[in-house]
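**Student:** Mind having a look at this structure? Questions to follow.
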Amino acid sequence: MKKRLIAAFILVMFLVTGLFINSNYKSTEAAAKQVLTYINGAEPRYLDPALNNAVDGANIIINVFEGLTRVNVKGETVPGMAYKWTVSKDGLTYTFYLRDAKWSDGKPVTAYDFEYAWKRALDPKTASEYAYQLYYIKNGRKFNEGKAKASDVGVKALNAKTLRVTLEAPTPYFIDLTNFPTYFPVRKDIVEKYGNKWATNPKTYIGNGPFIMTKWVHNSYIEFKKNPKYWDAKSITLEKIIYKLSEDDKANLLAYEAGQVDGAESVPTEEIPRLLKEKKLKVWPLLGTYYYDVNCKIKPFNDKRVRAALSLAIDRTYIVENIGKLGQKPATGFVPYGITGISKDFRIESGNYLPVRADLAKAKKLLAEAGYPNGKGFPEIEIIYNTNEGHKKIAEAIQNMWQQLGIKVKLSNMEWKVLQDRRQKKDYMVARDGWVGDYVDPMTFLDLFTSYSDNNNTNWSNKKYDELIDKAKRTTDRKQRMKYMMEAEKILMEDYAVIPIYFYVKGQLLRDYVKNYYISPLGFNYFMYAKIVK
């Protein structure tokens with residue numbers, strides 16, 4: 001997720017705005033009233049489960065909706081809306097049995113809500129960037145590509161409480177996918193009545209999860225209260241969650257240290273050493289990659305030698321040591337550490353494709369071979385990134401590194417929503433990007449670059465790559481799956497289709513009195529179970 005999911009950038013710096021010096025929400029008051037006030041990131045582009053593809057939006061969605069399964073405070077996948085399920089011997093058919101649960105307006109949650117939501121996400125008219133996450137379902141891809149009807153898709157409500165799902169091939173992580181936001185149910189009557197605005201208004205944002213949205217002051221904050229109709233409301237201690245929306249790192253830190261918020265996603269990078277020393281900054285493992293997209297279809301980036309030169313000229317160690325400062329690792333491939341491959345970590349088994357230090361000699365040689373000796377005749381590059389001090393520092397560092405090739409580089413910062421839109425429309429030369437996994441498997445990183453992925457912003461495609469990803473999705477042999485994915489990553493990296501820079505960790509400000517929460521390596525903050533103990 002840009003996070004991916006998603007992406008959102010999770011260096012220690014999510015995107016955040018606004019000053020809180022006059023905030024009405026004091027952390028001391030929050031402790032007494034079981035109110036959590038947290039700086040979540042930038043104004044979310046979408047809060048519609050079918051449309052969101054960023055962590056900032058997902059952190060909100062997971063509090064308002066619940067899938068067939070949910071994630072507990074230990075990070076385990078456990079029953080959610082479905083209290084049980086069965087799987088056929090061939091691993092292709094899942095039958096889910098729904099518990100008695102209600103939407104926040106009191107109407108029952110049904111299997112029809114899931115069938116509608118999944119088919120809506122797959123419907124090409126919806127234009128969901130995450131539609132491909134439902135391609136595991138039989139005929140899901142064909143429907144999304146206009147080659148099949150909605151009735152052909154392998155999800156069917158047998159009655160109000162029974163959902164049958166048929167897959168294209170056995171998928172070992174399918175149950176984990178059912179607690180991912182794209183798989184959440186939504187109400188057909190609400191969506192059809194209010195259209196695209198249904199998820200922008202607290203009055204129409206009807207959910208089935210532990211919290212209800214009560215107020216949204218755009219570019220400032222979003223308030224939620226405990227949902228008394230949630231089936232497991234007794235396990236929810238917090239009475240209210242207030243998500244501040246901010247992209248001002250310095251203001252975030254001031255608000256936190258003034259006791260006005262309980263936590264924040266972002267702090268100024270220059271303050272990281274002090275905050276670590278004072279033990280105010282918590283660091284969590286994160287399954288994600290920070291990278292730059294290159295528009296592979298426009299000159300001069302349609303030449304692999306140019307893409308290679310740009311990637312090899314980057315000193316990744318300098319960036320993580322002098323800008324990241326949280327123990328991030330230089331990205332030597334696209335799939336990060338933390339996923340088991342055949343017998344070892346996938347990253348180790350797949351190998352290193354990029355140097356951790358710049359290889360300027362090779363970069364200059366490749367650029368000359370492409371017809372641009374010492375950068376002569378090379379057009380000025382524009383790097384676009386979303387407004388954030390951390391992104392700016394990385395862009396400035398890479399600007400200096402590329403200028404050593406004789407290339408002129410222009411930097412353009414913009415709002416998060418604008419960057420997402422330009423990437424999706426392929427309206428850029430080089431763009432900052434990031435991806436945090438949706439599940440713990442190399443596939444969540446590699447199917448991003450298939451020709452059919454709406455999250456592939458690079459304009460790159462490769463038939464052999466697509467074939468290997470499809471084979472990996474269809475085989476039940478785990479060892480063979482990993483081999484297919486390693487072959488696919490080799491194609492991606494040797495074609496320099498993307499420029500990985502470093503592998504994420506998550507730096508976060510959070511009071512010690514906030515207990516009983518789970519920070520997922522996929523980037524999500526599971527605060528719904530939290531309680532404030534002072």
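Following the order of the structure tokens, chains are lettered A, B, ..., residues in each are numbered from 1, and ligands are numbered from 1.
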Can you list, as a PyMOL selection string, every protein, DNA or RNA residue that comes within 10 Å of Phe211 in chain A when you count only C-alpha atoms, leaving out same-chain residues fewer than 4 positions away?
**Tutor:** chain A and resi 60-65+104+207+223-230+233+236+238-241+528
**Student:** Need the shell around range 453-459 of chain A: protein/DNA/RNA residues with any atom at most 7 Å away, counting only C-alpha atoms. Skip same-chain ones fewer than 2 positions apart. Format as a list of chain:residue names?
**Tutor:**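 The contact residues come out as A:Glu129, A:Tyr130, A:Tyr132, A:Asp293, A:Val294, A:Asn295, A:Cys296, A:Lys297, A:Arg423, A:Gln424, A:Lys426, A:Leu448, A:Phe449, A:Thr450, A:Ser451, A:Ser461.
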**Student:** So how many Å separate CA of Leu367 in chain A and CA of Val306 in chain A, to one decimal?
**Tutor:**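 Computing it gives 5.7 Å between the two atoms.
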**Student:** Neighbouring residues of Val320 in chain A were defined as those with any atom within 12 Å, considering only C-alpha atoms; residues of the same chain fewer than 2 positions away were excluded. Please report them as a PDB file with C-alpha atoms, in the first residue's frame.
**Tutor:**
ATOM      1  CA  LEU A  11      10.690   7.085   6.976  1.00  0.00           C
ATOM      2  CA  VAL A  12       9.843   8.614  10.259  1.00  0.00           C
ATOM      3  CA  THR A 269      14.754  14.499  10.639  1.00  0.00           C
ATOM      4  CA  TYR A 290      11.139   3.893  -0.541  1.00  0.00           C
ATOM      5  CA  ILE A 314      22.824   7.257  -5.959  1.00  0.00           C
ATOM      6  CA  ASP A 315      24.733   6.805  -2.697  1.00  0.00           C
ATOM      7  CA  ARG A 316      22.097   4.909  -0.727  1.00  0.00           C
ATOM      8  CA  THR A 317      24.273   4.557   2.353  1.00  0.00           C
ATOM      9  CA  TYR A 318      24.689   8.328   2.566  1.00  0.00           C
ATOM     10  CA  ASN A 322      22.572  11.224   7.026  1.00  0.00           C
ATOM     11  CA  ILE A 323      18.867  11.702   6.283  1.00  0.00           C
ATOM     12  CA  GLY A 324      17.017   8.604   7.450  1.00  0.00           C
ATOM     13  CA  LYS A 325      18.951   8.139  10.704  1.00  0.00           C
ATOM     14  CA  LEU A 326      16.661   5.370  11.956  1.00  0.00           C
ATOM     15  CA  GLY A 327      18.620   2.315  10.892  1.00  0.00           C
ATOM     16  CA  GLN A 328      17.034   1.954   7.466  1.00  0.00           C
ATOM     17  CA  LYS A 329      18.894  -0.343   5.090  1.00  0.00           C
ATOM     18  CA  PRO A 330      20.010   0.692   1.593  1.00  0.00           C
ATOM     19  CA  ALA A 331      17.795  -0.984  -1.013  1.00  0.00           C
ATOM     20  CA  VAL A 356      25.004   0.539  -1.420  1.00  0.00           C
ATOM     21  CA  ARG A 357      27.475   3.247  -2.484  1.00  0.00           C
ATOM     22  CA  GLY A 390      12.353  14.377   4.663  1.00  0.00           C
ATOM     23  CA  LYS A 393      16.233  16.370   1.788  1.00  0.00           C
ATOM     24  CA  ILE A 394      16.336  13.089  -0.115  1.00  0.00           C
ATOM     25  CA  ALA A 397      20.724  14.721  -2.082  1.00  0.00           C
ATOM     26  CA  ILE A 501      16.513   3.800  -2.458  1.00  0.00           C
ATOM     27  CA  TYR A 502      16.087   2.247   0.997  1.00  0.00           C
ATOM     28  CA  PHE A 503      13.994  -0.175   3.028  1.00  0.00           C
ATOM     29  CA  TYR A 504      11.689   1.421   5.565  1.00  0.00           C
ATOM     30  CA  VAL A 505      11.471   1.281   9.297  1.00  0.00           C
TER      31      VAL A 505
END
**Student:** Enumerate as a list in words all residues of range 311-407 of chain A assigned to strand (DSSP E) by DSSP on the backbone, naming them with the chain letters and numbers the document uses.
**Tutor:**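 Taking range 311-407 of chain A and keeping strand (DSSP E) gives Lys329, Pro330, Ile381, Glu382, Ile383, Ile384, Tyr385 and Asn386 of chain A.
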**Student:** Okay, now the selection with C-alpha atoms, as a PDB file, in the first residue's frame?
**Tutor:**
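For reference, result.pdb as written:
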ATOM      1  CA  LYS A 329      18.894  -0.343   5.090  1.00  0.00           C
ATOM      2  CA  PRO A 330      20.010   0.692   1.593  1.00  0.00           C
ATOM      3  CA  ILE A 381      15.148  16.295 -15.048  1.00  0.00           C
ATOM      4  CA  GLU A 382      12.227  17.243 -12.829  1.00  0.00           C
ATOM      5  CA  ILE A 383      11.842  15.251  -9.605  1.00  0.00           C
ATOM      6  CA  ILE A 384       8.388  15.612  -8.073  1.00  0.00           C
ATOM      7  CA  TYR A 385       7.702  14.806  -4.432  1.00  0.00           C
ATOM      8  CA  ASN A 386       5.019  15.513  -1.860  1.00  0.00           C
TER       9      ASN A 386
END
**Student:** Which one of A:Ile491, A:Leu522, A:Leu92, A:Ala42 sits closest to Tyr439 in chain A if you count only C-alpha atoms?
**Tutor:**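 So, comparing all the options, the nearest one is A:Leu522.
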**Student:** If I take CA of Lys483 in chain A and CA of Ile348 in chain A, how far is one from the other in Å, to one decimal?
**Tutor:** 13.1 Å
